[in-house]
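With CSV, C-alpha atoms inside, this is query_6.csv:
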```csv
chain,number,residue,atom,x,y,z
S,29,MET,CA,15.5,-1.3,15.6
S,30,PRO,CA,12.0,-2.9,15.8
S,31,MET,CA,9.9,-2.4,18.9
S,32,THR,CA,7.1,-4.5,20.2
S,33,ARG,CA,4.9,-1.7,21.5
S,34,LEU,CA,3.5,1.3,19.7
S,35,PRO,CA,5.6,4.3,20.8
S,36,PRO,CA,4.1,7.7,21.7
S,37,GLU,CA,5.7,9.2,18.5
S,38,ILE,CA,3.5,7.1,16.3
S,39,ARG,CA,0.2,8.5,17.7
S,40,PRO,CA,0.3,11.9,15.9
S,41,VAL,CA,1.0,10.0,12.6
S,42,LEU,CA,-2.0,7.8,13.2
S,43,GLU,CA,-4.2,10.7,14.2
S,44,ALA,CA,-3.2,12.6,11.1
S,45,GLY,CA,-5.3,10.1,9.2
S,46,THR,CA,-2.9,9.5,6.4
S,47,PRO,CA,-3.9,6.6,4.2
S,48,ALA,CA,-1.9,3.4,4.9
S,49,VAL,CA,-1.2,0.2,3.0
S,50,MET,CA,-1.9,-3.3,4.2
S,51,VAL,CA,-0.4,-6.6,3.0
S,52,THR,CA,-1.9,-9.9,3.9
S,53,CYS,CA,-1.4,-13.4,2.6
S,54,SER,CA,-3.9,-16.2,1.9
S,55,ALA,CA,-3.5,-19.7,3.3
S,56,ASP,CA,-2.4,-20.8,-0.2
S,57,GLY,CA,0.4,-18.2,-0.2
S,58,LYS,CA,-0.9,-15.4,-2.4
S,59,PRO,CA,-0.1,-11.9,-1.0
S,60,ASN,CA,-2.7,-9.2,-1.3
S,61,THR,CA,-2.2,-5.4,-1.0
S,62,THR,CA,-4.8,-2.8,-0.3
S,63,VAL,CA,-5.0,0.8,0.6
S,64,ILE,CA,-6.7,1.4,4.0
S,65,SER,CA,-8.1,4.7,5.0
S,66,ARG,CA,-6.7,4.8,8.5
S,67,VAL,CA,-5.0,2.8,11.3
S,68,TYR,CA,-6.4,3.4,14.8
S,69,TYR,CA,-4.5,3.3,18.1
S,70,VAL,CA,-6.2,1.1,20.7
S,71,ASP,CA,-3.4,0.7,23.2
S,72,ASP,CA,0.3,0.3,23.0
S,73,ALA,CA,0.0,-3.3,22.1
S,74,HIS,CA,-3.0,-3.2,19.8
S,75,ALA,CA,-4.1,-1.3,16.6
S,76,ALA,CA,-7.5,-1.4,15.0
S,77,LEU,CA,-8.3,-1.5,11.2
S,78,SER,CA,-11.6,-0.8,9.7
S,79,PHE,CA,-13.5,-3.6,8.0
S,80,GLN,CA,-15.3,-1.8,5.2
S,81,PHE,CA,-15.3,-3.6,1.8
S,82,PHE,CA,-11.8,-5.1,1.3
S,83,SER,CA,-13.1,-8.6,1.4
S,84,LYS,CA,-10.0,-10.4,0.3
S,85,THR,CA,-8.1,-8.8,3.1
S,86,ILE,CA,-10.8,-9.8,5.6
S,87,ARG,CA,-10.8,-13.4,4.3
S,88,ASN,CA,-7.0,-13.6,4.4
S,89,VAL,CA,-6.6,-12.5,8.0
S,90,ARG,CA,-9.2,-15.0,9.1
S,91,GLU,CA,-7.3,-17.9,7.5
S,92,ASN,CA,-3.8,-16.5,8.1
S,93,PRO,CA,-3.8,-13.8,10.9
S,94,ARG,CA,-0.4,-12.2,10.0
S,95,ALA,CA,-0.6,-8.7,8.4
S,96,PHE,CA,1.9,-6.0,7.4
S,97,VAL,CA,0.9,-2.3,7.6
S,98,CYS,CA,2.9,0.7,6.3
S,99,ILE,CA,1.9,4.1,7.6
S,100,PHE,CA,3.4,7.1,5.8
S,101,ASP,CA,4.7,10.1,7.8
S,102,MET,CA,4.7,12.7,5.1
S,103,PRO,CA,6.0,15.7,7.2
S,104,GLY,CA,8.7,13.4,8.8
S,105,GLN,CA,9.7,12.0,5.4
S,106,ALA,CA,9.5,8.5,6.9
S,107,HIS,CA,7.3,5.5,7.3
S,108,TRP,CA,6.3,3.1,10.0
S,109,ALA,CA,6.3,-0.6,9.3
S,110,LEU,CA,4.0,-2.7,11.5
S,111,GLN,CA,3.9,-6.5,11.8
S,112,LEU,CA,0.4,-7.4,13.2
S,113,GLU,CA,-1.6,-10.4,14.1
S,114,PHE,CA,-5.4,-10.4,13.9
S,115,GLU,CA,-7.1,-11.1,17.2
S,116,ARG,CA,-10.8,-10.3,17.0
S,117,SER,CA,-13.5,-8.3,15.3
S,118,GLU,CA,-15.8,-5.8,17.1
S,119,THR,CA,-19.1,-4.6,15.8
S,120,GLU,CA,-20.0,-2.4,18.8
S,121,GLY,CA,-18.3,-0.6,21.7
S,122,PRO,CA,-16.1,2.5,22.1
S,123,VAL,CA,-13.5,1.5,19.5
S,124,PHE,CA,-16.1,0.7,16.9
S,125,ASP,CA,-18.0,3.9,17.7
S,126,ALA,CA,-14.9,6.1,17.4
S,127,MET,CA,-13.9,4.5,14.2
S,128,ASP,CA,-17.4,4.8,12.7
S,129,MET,CA,-17.5,8.5,13.4
S,130,GLN,CA,-14.0,9.2,12.0
S,131,ILE,CA,-14.7,7.1,8.8
S,132,GLU,CA,-17.9,9.1,8.2
S,133,ALA,CA,-15.8,12.3,8.5
S,134,ILE,CA,-13.2,11.1,6.1
S,135,ALA,CA,-15.9,9.9,3.7
S,136,SER,CA,-17.6,13.3,3.7
S,137,MET,CA,-14.3,15.1,3.1
S,138,THR,CA,-13.4,12.9,0.2
S,139,GLY,CA,-16.8,12.7,-1.5
S,140,MET,CA,-17.2,9.1,-0.6
S,141,SER,CA,-20.2,9.3,1.8
S,142,GLY,CA,-22.3,6.2,1.5
S,143,ILE,CA,-19.4,4.2,0.0
S,144,PHE,CA,-17.1,4.2,3.1
S,145,LYS,CA,-19.1,2.3,5.7
S,146,LEU,CA,-17.7,0.6,8.8
S,147,ARG,CA,-18.8,-3.0,9.2
S,148,ALA,CA,-16.5,-3.9,12.0
S,149,ALA,CA,-13.4,-2.8,13.9
S,150,ASP,CA,-10.8,-5.5,13.5
S,151,ILE,CA,-8.4,-5.6,16.4
S,152,TYR,CA,-4.7,-6.6,15.8
S,153,ARG,CA,-1.9,-7.4,18.2
S,154,VAL,CA,1.3,-5.5,17.5
S,155,LEU,CA,4.2,-7.9,16.9
S,156,SER,CA,6.7,-5.3,15.8
S,157,VAL,CA,6.9,-1.7,14.8
S,158,GLU,CA,9.8,0.2,13.2
S,159,ARG,CA,10.2,3.7,11.9
S,160,VAL,CA,12.2,4.0,8.7
S,161,GLN,CA,13.6,7.4,7.6
S,162,HIS,CA,13.5,8.1,3.9
S,163,PRO,CA,16.1,10.1,2.0
S,164,ARG,CA,15.6,13.8,2.6
S,165,TRP,CA,14.5,16.1,-0.2
S,166,THR,CA,16.4,19.3,0.0
S,167,GLY,CA,14.5,21.2,-2.6
S,168,THR,CA,16.7,20.2,-5.5
S,169,GLU,CA,17.9,16.7,-4.6
S,170,PHE,CA,17.8,13.7,-2.2
S,171,THR,CA,20.3,13.3,0.6
S,172,ASN,CA,20.6,10.3,3.0
K,28,MET,CA,-2.5,-9.4,-21.1
K,29,ILE,CA,-2.9,-6.0,-19.6
K,30,PRO,CA,-5.8,-4.2,-21.3
K,31,GLY,CA,-5.0,-0.9,-23.1
K,32,LYS,CA,-7.3,1.0,-20.8
K,33,ILE,CA,-5.2,-0.1,-17.8
K,34,VAL,CA,-1.9,0.6,-19.6
K,35,ARG,CA,-3.1,4.1,-20.2
K,36,PHE,CA,-4.1,4.4,-16.5
K,37,LEU,CA,-0.6,3.3,-15.5
K,38,ASP,CA,1.2,5.5,-18.0
K,39,GLN,CA,-0.9,8.7,-17.6
K,40,TYR,CA,-2.8,8.8,-14.3
K,41,ALA,CA,-1.6,6.5,-11.6
K,42,ASN,CA,0.6,8.2,-9.0
K,43,VAL,CA,1.1,5.8,-6.0
K,44,ALA,CA,1.9,2.1,-5.8
K,45,PHE,CA,2.8,-0.5,-3.2
K,46,ALA,CA,4.0,-4.1,-3.5
K,47,GLY,CA,3.3,-7.1,-1.3
K,48,THR,CA,5.4,-10.3,-0.9
K,49,ARG,CA,5.5,-13.1,1.7
K,50,ASP,CA,8.1,-15.4,3.1
K,51,GLY,CA,8.1,-19.2,3.6
K,52,ASP,CA,6.0,-18.9,6.7
K,53,LEU,CA,3.3,-16.9,4.9
K,54,VAL,CA,4.3,-13.8,6.7
K,55,PRO,CA,3.4,-10.8,4.5
K,56,PHE,CA,5.7,-7.9,3.9
K,57,GLY,CA,5.3,-4.6,2.0
K,58,HIS,CA,7.4,-2.5,-0.3
K,59,ARG,CA,6.7,1.0,-1.5
K,60,VAL,CA,6.9,1.3,-5.3
K,61,CYS,CA,8.2,4.6,-6.8
K,62,GLY,CA,7.9,3.8,-10.5
K,63,TRP,CA,6.5,1.3,-12.9
K,64,SER,CA,6.3,0.4,-16.6
K,65,VAL,CA,4.5,-2.1,-18.7
K,66,GLY,CA,6.4,-4.5,-21.0
K,67,ALA,CA,6.1,-4.2,-24.8
K,68,ASP,CA,4.0,-7.4,-24.9
K,69,GLN,CA,1.7,-6.1,-22.1
K,70,ARG,CA,2.2,-9.3,-20.2
K,71,THR,CA,4.9,-8.0,-17.8
K,72,MET,CA,5.4,-5.0,-15.5
K,73,THR,CA,8.6,-3.6,-14.1
K,74,ILE,CA,8.4,-2.0,-10.7
K,75,LEU,CA,11.0,0.3,-9.2
K,76,VAL,CA,11.6,0.1,-5.5
K,77,PRO,CA,13.4,2.6,-3.2
K,78,ALA,CA,16.3,1.5,-1.0
K,79,GLU,CA,14.3,2.0,2.2
K,80,PHE,CA,11.8,-0.7,1.1
K,81,LEU,CA,14.2,-3.5,-0.1
K,82,GLN,CA,14.1,-5.4,3.2
K,83,ARG,CA,13.1,-9.1,2.5
K,84,LEU,CA,12.1,-8.3,-1.1
K,85,VAL,CA,14.6,-10.3,-3.1
K,86,ASP,CA,14.8,-13.2,-0.6
K,87,SER,CA,11.0,-13.6,-0.7
K,88,LEU,CA,10.8,-13.4,-4.5
K,89,HIS,CA,13.6,-15.9,-4.9
K,90,GLN,CA,12.0,-18.2,-2.4
K,91,ASN,CA,8.4,-18.3,-3.8
K,92,GLY,CA,8.0,-15.7,-6.6
K,93,GLU,CA,4.7,-14.4,-5.4
K,94,LEU,CA,4.1,-10.7,-5.9
K,95,ALA,CA,1.0,-8.3,-5.6
K,96,VAL,CA,1.2,-4.7,-6.6
K,97,THR,CA,-1.6,-2.1,-6.0
K,98,VAL,CA,-1.5,1.0,-8.1
K,99,GLU,CA,-3.7,4.0,-7.5
K,100,ALA,CA,-4.5,7.4,-9.0
K,101,PHE,CA,-4.9,9.6,-6.0
K,102,PRO,CA,-7.2,11.5,-5.1
K,103,ALA,CA,-9.6,10.0,-7.7
K,104,HIS,CA,-9.1,6.6,-5.9
K,105,GLU,CA,-9.1,4.6,-9.2
K,106,THR,CA,-7.1,1.6,-8.1
K,107,TYR,CA,-6.0,-1.8,-9.6
K,108,GLN,CA,-4.1,-4.7,-8.1
K,109,PHE,CA,-1.7,-6.7,-10.2
K,110,LYS,CA,-0.8,-10.2,-9.1
K,111,GLY,CA,1.9,-12.3,-10.7
K,112,SER,CA,5.1,-14.2,-10.7
K,113,TYR,CA,8.6,-12.8,-10.3
K,114,ARG,CA,10.8,-13.0,-13.3
K,115,HIS,CA,14.0,-11.2,-12.4
K,116,HIS,CA,15.5,-8.1,-10.8
K,117,ARG,CA,18.3,-5.7,-11.7
K,118,GLU,CA,20.0,-2.6,-10.6
K,119,VAL,CA,18.5,0.7,-11.8
K,120,GLN,CA,19.5,1.8,-15.2
K,121,ASP,CA,19.2,4.7,-17.6
K,122,GLY,CA,15.6,5.8,-17.9
K,123,ASP,CA,14.5,4.5,-14.5
K,124,ALA,CA,15.1,7.8,-12.7
K,125,GLU,CA,13.1,9.6,-15.5
K,126,ILE,CA,10.1,7.3,-14.9
K,127,VAL,CA,10.2,8.1,-11.2
K,128,ASP,CA,10.6,11.8,-11.8
K,129,ARG,CA,7.5,11.8,-14.0
K,130,ILE,CA,5.5,10.0,-11.4
K,131,ARG,CA,6.7,12.3,-8.7
K,132,ARG,CA,5.6,15.3,-10.7
K,133,ARG,CA,2.2,13.7,-11.3
K,134,PHE,CA,1.8,12.9,-7.6
K,135,VAL,CA,2.8,16.4,-6.4
K,136,LYS,CA,0.5,18.0,-8.9
K,137,ALA,CA,-2.5,15.8,-7.9
K,138,VAL,CA,-2.0,16.1,-4.1
K,139,ARG,CA,-0.8,19.7,-3.7
K,140,PRO,CA,-4.2,21.4,-3.9
K,141,MET,CA,-5.6,19.3,-1.0
K,142,SER,CA,-2.5,18.8,1.2
K,143,TYR,CA,-1.2,20.7,4.2
K,144,ASP,CA,2.2,19.1,3.7
K,145,THR,CA,5.1,21.2,2.5
K,146,GLU,CA,6.4,21.0,-1.1
K,147,ASP,CA,9.5,19.3,0.2
K,148,ALA,CA,7.5,16.6,2.0
K,149,LEU,CA,5.4,16.0,-1.1
K,150,GLN,CA,8.5,15.7,-3.3
K,151,ALA,CA,10.1,13.4,-0.8
K,152,PHE,CA,7.2,11.0,-0.8
K,153,VAL,CA,8.4,9.5,-4.1
K,154,SER,CA,11.9,8.3,-3.2
K,155,PRO,CA,14.6,7.6,-5.9
K,156,PRO,CA,14.7,4.0,-7.2
K,157,ALA,CA,17.2,1.4,-6.0
K,158,LEU,CA,16.1,-1.8,-7.7
K,159,ALA,CA,13.9,-2.9,-10.6
K,160,VAL,CA,11.8,-6.0,-10.4
K,161,GLU,CA,10.1,-7.5,-13.5
K,162,PHE,CA,7.1,-9.8,-13.0
K,163,GLU,CA,4.6,-11.5,-15.2
K,164,VAL,CA,1.1,-10.2,-14.6
K,165,LEU,CA,-1.3,-13.2,-14.2
K,166,GLU,CA,-4.3,-11.5,-12.6
K,167,ILE,CA,-5.7,-7.9,-12.4
K,168,TYR,CA,-8.3,-6.9,-9.8
K,169,LEU,CA,-10.4,-3.7,-9.5
K,170,GLN,CA,-9.7,-2.1,-6.2
K,171,THR,CA,-11.5,1.3,-6.7
K,172,PRO,CA,-13.6,1.8,-3.6
K,173,GLY,CA,-17.2,0.8,-4.2
K,174,PRO,CA,-19.4,-2.1,-4.9
K,175,GLY,CA,-17.1,-3.6,-7.6
K,176,ALA,CA,-14.0,-3.5,-5.4
K,177,GLY,CA,-12.3,-6.9,-5.5
K,178,THR,CA,-13.7,-8.0,-8.8
K,179,ARG,CA,-11.2,-9.9,-10.9
K,180,LEU,CA,-10.8,-8.2,-14.3
K,181,ILE,CA,-8.1,-10.4,-15.8
K,182,PRO,CA,-8.7,-13.2,-16.5
K,183,PRO,CA,-12.4,-12.3,-16.6
K,184,VAL,CA,-14.6,-14.1,-14.1
K,185,GLU,CA,-16.8,-16.6,-16.0
K,186,ALA,CA,-20.5,-15.6,-15.9
```

Give the structure from this file in C-alpha cells form.
Amino acid sequence: MPMTRLPPEIRPVLEAGTPAVMVTCSADGKPNTTVISRVYYVDDAHAALSFQFFSKTIRNVRENPRAFVCIFDMPGQAHWALQLEFERSETEGPVFDAMDMQIEAIASMTGMSGIFKLRAADIYRVLSVERVQHPRWTGTEFTN
Amino acid sequence: MIPGKIVRFLDQYANVAFAGTRDGDLVPFGHRVCGWSVGADQRTMTILVPAEFLQRLVDSLHQNGELAVTVEAFPAHETYQFKGSYRHHREVQDGDAEIVDRIRRRFVKAVRPMSYDTEDALQAFVSPPALAVEFEVLEIYLQTPGPGAGTRLIPPVEA
C-alpha cells in the first residue's frame, strides 16, 4: 500500500548508496530514464537528488515537476517506488554540503573523481512511496 | 537503425536496464527490465519485464506508446538510452527465460567482485520475465557519465 511519507525502513536502503533509477517526462510527453548515483533523505516528506550532469532530467523536472524514482534493496530482494515532485534547487547549505562530500567519496571509490561533481541539490516532495517485494531466489529457483 | 557497435554492447556486455513510460497526465513511471534483444532488422528491440514492474506499463503504452529504455554495463558505466514507439506486447515464450538467465549470469559475474551482497541477493536482482514488449527504436542517446552524456547518437546530431 503506498504511503505519503518516507518510512524509517527506507533510510538504511538510502544510506547504503545503491544506485537508483529516475524517470522524468518532458512537457511534450517524452519519458526519460537515467541512473542516479544516490537518493538522499532530507526529512520524511522530502528527498534530495544530485544535479550533476544529467541535463535532460534537469530540464524535464523544471518543465514538468513529476518524477519517478526506483531504489533497489539488494539484500531485501525488493525495491522502493517513489513518486516525487520537484520543489527547489539548492547550491549551498547543509543538504548540499553533505551530498557533495558523499558524491566525492562515491567518485573516488568508482574511479570517477573529477567526473562526478555536484552542481546542486534538487529537493523533491514525496507524493507516494511503496516497497515492492521481488520473487525470492532460493539458491536454485525463484519463489513468490 | 541500431549500429552494430551498440548491438554488440547489448548482446555481450550490458547487464542492467530500466524502462520509463508516462500516463496521460505526463506522470512518469518506471519498470525494471530483466532482458532484451534486438530485432533482425536492427530497428526494434524487445524488452522483458518482471511481474513486479508491470504496474501501469501496458495501460500507458496503449494510451500513448512512448517508451524510453536505459541499458548499462555495470560497473564500467557504459550506458545508452533508447527512445521509441511501442509496437506490441506478448506473454513470455520459449527462449525468453534463456535470455534473462544469460544476463543474470553476466550481472552476477560483473558485480560479485565488488559487492558485499550475498550470492542469492545478486541472483535475485534479475527477476524472471513476465511480459515482452517490442518497440521501434527512434533515437539513441549516450548516457555514459562524462562530458558526452546526453549526446544523441541516432539519428546523428547535425553539425

Exercise. Give the residues of chain K that lie within 7 Å of chain S; count all atoms listed in the file, and format the answer as an MDAnalysis selection string.
Key: chainID K and resid 46:49 53:57 79 93:97 144 147:148 150:152 154 173

So that I have them on file, write out the residues from the current selection with C-alpha atoms, as a PDB file, in the frame of the given file.
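Written file, result05.pdb:
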```pdb
ATOM      1  CA  ALA K  46       4.000  -4.100  -3.500  1.00  0.00           C
ATOM      2  CA  GLY K  47       3.300  -7.100  -1.300  1.00  0.00           C
ATOM      3  CA  THR K  48       5.400 -10.300  -0.900  1.00  0.00           C
ATOM      4  CA  ARG K  49       5.500 -13.100   1.700  1.00  0.00           C
ATOM      5  CA  LEU K  53       3.300 -16.900   4.900  1.00  0.00           C
ATOM      6  CA  VAL K  54       4.300 -13.800   6.700  1.00  0.00           C
ATOM      7  CA  PRO K  55       3.400 -10.800   4.500  1.00  0.00           C
ATOM      8  CA  PHE K  56       5.700  -7.900   3.900  1.00  0.00           C
ATOM      9  CA  GLY K  57       5.300  -4.600   2.000  1.00  0.00           C
ATOM     10  CA  GLU K  79      14.300   2.000   2.200  1.00  0.00           C
ATOM     11  CA  GLU K  93       4.700 -14.400  -5.400  1.00  0.00           C
ATOM     12  CA  LEU K  94       4.100 -10.700  -5.900  1.00  0.00           C
ATOM     13  CA  ALA K  95       1.000  -8.300  -5.600  1.00  0.00           C
ATOM     14  CA  VAL K  96       1.200  -4.700  -6.600  1.00  0.00           C
ATOM     15  CA  THR K  97      -1.600  -2.100  -6.000  1.00  0.00           C
ATOM     16  CA  ASP K 144       2.200  19.100   3.700  1.00  0.00           C
ATOM     17  CA  ASP K 147       9.500  19.300   0.200  1.00  0.00           C
ATOM     18  CA  ALA K 148       7.500  16.600   2.000  1.00  0.00           C
ATOM     19  CA  GLN K 150       8.500  15.700  -3.300  1.00  0.00           C
ATOM     20  CA  ALA K 151      10.100  13.400  -0.800  1.00  0.00           C
ATOM     21  CA  PHE K 152       7.200  11.000  -0.800  1.00  0.00           C
ATOM     22  CA  SER K 154      11.900   8.300  -3.200  1.00  0.00           C
ATOM     23  CA  GLY K 173     -17.200   0.800  -4.200  1.00  0.00           C
TER      24      GLY K 173
END
```

Quiz item: What is the CA of Thr178 (chain K) to CA of Asp150 (chain S) distance in Å?
Solution: 22.6 Å

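Rounded to one decimal, CA of Gln170 (chain K) and CA of Pro40 (chain S) lie 28.0 Å from each other.
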
Quiz item: What does the distance between CA of Ile99 (chain S) and CA of Arg159 (chain S) come to in Å, to one decimal place?
Solution: 9.4 Å

Practice problem: Just the residues within 10 Å of region 35-41 of chain K, please, counting all atoms listed in the file, with nothing from its chain fewer than 3 positions along; format it as an NGL selection string. | Solution: :K and (30-32 or 44 or 62-65 or 98-107 or 126 or 129-130 or 133-134 or 137)

Quiz item: K:Arg132, K:Arg59, K:Arg139, K:His89: which is nearest His115 (chain K), counting all atoms listed in the file?
Solution: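 Among the listed residues, the smallest separation from His115 (chain K) belongs to K:His89.
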
Self-check item: Leu158 (chain K) environment, 7 Å, only C-alpha atoms, sequence neighbours closer than 5 positions dropped, as a ChimeraX atom specification
Solution: /K:75-77,117-119

How about saving the chosen residues, C-alpha atoms kept, as a short mmCIF file (atom, residue, chain, number, x, y, z; two decimals), in the coordinates of the input?
```
data_model
loop_
_atom_site.label_atom_id
_atom_site.label_comp_id
_atom_site.auth_asym_id
_atom_site.auth_seq_id
_atom_site.Cartn_x
_atom_site.Cartn_y
_atom_site.Cartn_z
CA LEU K 75 11.00 0.30 -9.20
CA VAL K 76 11.60 0.10 -5.50
CA PRO K 77 13.40 2.60 -3.20
CA ARG K 117 18.30 -5.70 -11.70
CA GLU K 118 20.00 -2.60 -10.60
CA VAL K 119 18.50 0.70 -11.80
#
```

Self-check item: S:Pro30, S:Arg39, S:Val89, S:Tyr68 ranked by distance to Ala126 (chain S), top pick (using all atoms listed in the file)
Solution: S:Tyr68

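The residue that comes closest to Pro35 (chain S), out of S:Ala149, S:Ala75, S:Met129, S:Val123 and on the basis of all atoms listed in the file, is S:Ala75.
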
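Using all atoms listed in the file, the smallest distance between any of S:Leu42, S:Ile131, S:Val157, S:Met31 and Val70 (chain S) comes from S:Leu42.
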
Practice problem: Please provide the set of residues having any atom within 12 Å of Thr119 (chain S), restricted to only C-alpha atoms, with same-chain residues fewer than 3 positions apart removed, written as a PyMOL selection string. | Solution: chain S and resi 78-80+116+122-128+146-151

Writer output for current selection, C-alpha atoms, as a short mmCIF file (atom, residue, chain, number, x, y, z; two decimals), in the frame of the given file:
```
data_model
loop_
_atom_site.label_atom_id
_atom_site.label_comp_id
_atom_site.auth_asym_id
_atom_site.auth_seq_id
_atom_site.Cartn_x
_atom_site.Cartn_y
_atom_site.Cartn_z
CA SER S 78 -11.60 -0.80 9.70
CA PHE S 79 -13.50 -3.60 8.00
CA GLN S 80 -15.30 -1.80 5.20
CA ARG S 116 -10.80 -10.30 17.00
CA PRO S 122 -16.10 2.50 22.10
CA VAL S 123 -13.50 1.50 19.50
CA PHE S 124 -16.10 0.70 16.90
CA ASP S 125 -18.00 3.90 17.70
CA ALA S 126 -14.90 6.10 17.40
CA MET S 127 -13.90 4.50 14.20
CA ASP S 128 -17.40 4.80 12.70
CA LEU S 146 -17.70 0.60 8.80
CA ARG S 147 -18.80 -3.00 9.20
CA ALA S 148 -16.50 -3.90 12.00
CA ALA S 149 -13.40 -2.80 13.90
CA ASP S 150 -10.80 -5.50 13.50
CA ILE S 151 -8.40 -5.60 16.40
#
```

Where atoms are absent from region 66-80 of chain K, fill them in so it carries N, CA and C atoms, then output it as a PDB file, in the coordinates of the input.
```pdb
ATOM      1  N   GLY K  66       5.628  -3.921 -19.939  1.00  0.00           N
ATOM      2  CA  GLY K  66       6.400  -4.500 -21.000  1.00  0.00           C
ATOM      3  C   GLY K  66       5.765  -4.337 -22.363  1.00  0.00           C
ATOM      4  N   ALA K  67       6.576  -4.400 -23.414  1.00  0.00           N
ATOM      5  CA  ALA K  67       6.100  -4.200 -24.800  1.00  0.00           C
ATOM      6  C   ALA K  67       4.966  -5.189 -25.124  1.00  0.00           C
ATOM      7  N   ASP K  68       5.042  -6.397 -24.567  1.00  0.00           N
ATOM      8  CA  ASP K  68       4.000  -7.400 -24.900  1.00  0.00           C
ATOM      9  C   ASP K  68       2.790  -7.285 -24.000  1.00  0.00           C
ATOM     10  N   GLN K  69       2.788  -6.329 -23.088  1.00  0.00           N
ATOM     11  CA  GLN K  69       1.700  -6.100 -22.100  1.00  0.00           C
ATOM     12  C   GLN K  69       1.382  -7.284 -21.258  1.00  0.00           C
ATOM     13  N   ARG K  70       2.385  -8.136 -21.073  1.00  0.00           N
ATOM     14  CA  ARG K  70       2.200  -9.300 -20.200  1.00  0.00           C
ATOM     15  C   ARG K  70       3.067  -9.139 -18.905  1.00  0.00           C
ATOM     16  N   THR K  71       3.976  -8.206 -18.911  1.00  0.00           N
ATOM     17  CA  THR K  71       4.900  -8.000 -17.800  1.00  0.00           C
ATOM     18  C   THR K  71       4.817  -6.559 -17.308  1.00  0.00           C
ATOM     19  N   MET K  72       5.175  -6.374 -16.037  1.00  0.00           N
ATOM     20  CA  MET K  72       5.400  -5.000 -15.500  1.00  0.00           C
ATOM     21  C   MET K  72       6.746  -5.009 -14.815  1.00  0.00           C
ATOM     22  N   THR K  73       7.378  -3.854 -14.849  1.00  0.00           N
ATOM     23  CA  THR K  73       8.600  -3.600 -14.100  1.00  0.00           C
ATOM     24  C   THR K  73       8.277  -2.588 -13.021  1.00  0.00           C
ATOM     25  N   ILE K  74       8.558  -2.931 -11.763  1.00  0.00           N
ATOM     26  CA  ILE K  74       8.400  -2.000 -10.700  1.00  0.00           C
ATOM     27  C   ILE K  74       9.708  -1.502 -10.169  1.00  0.00           C
ATOM     28  N   LEU K  75       9.773  -0.249  -9.741  1.00  0.00           N
ATOM     29  CA  LEU K  75      11.000   0.300  -9.200  1.00  0.00           C
ATOM     30  C   LEU K  75      10.780   0.558  -7.707  1.00  0.00           C
ATOM     31  N   VAL K  76      11.733   0.077  -6.908  1.00  0.00           N
ATOM     32  CA  VAL K  76      11.600   0.100  -5.500  1.00  0.00           C
ATOM     33  C   VAL K  76      12.705   0.894  -4.824  1.00  0.00           C
ATOM     34  N   PRO K  77      12.361   1.813  -3.898  1.00  0.00           N
ATOM     35  CA  PRO K  77      13.400   2.600  -3.200  1.00  0.00           C
ATOM     36  C   PRO K  77      14.204   1.755  -2.236  1.00  0.00           C
ATOM     37  N   ALA K  78      15.391   2.252  -1.883  1.00  0.00           N
ATOM     38  CA  ALA K  78      16.300   1.500  -1.000  1.00  0.00           C
ATOM     39  C   ALA K  78      15.667   1.211   0.354  1.00  0.00           C
ATOM     40  N   GLU K  79      14.836   2.141   0.861  1.00  0.00           N
ATOM     41  CA  GLU K  79      14.300   2.000   2.200  1.00  0.00           C
ATOM     42  C   GLU K  79      13.198   0.899   2.276  1.00  0.00           C
ATOM     43  N   PHE K  80      12.847   0.304   1.115  1.00  0.00           N
ATOM     44  CA  PHE K  80      11.800  -0.700   1.100  1.00  0.00           C
ATOM     45  C   PHE K  80      12.296  -2.050   0.522  1.00  0.00           C
TER      46      PHE K  80
END
```
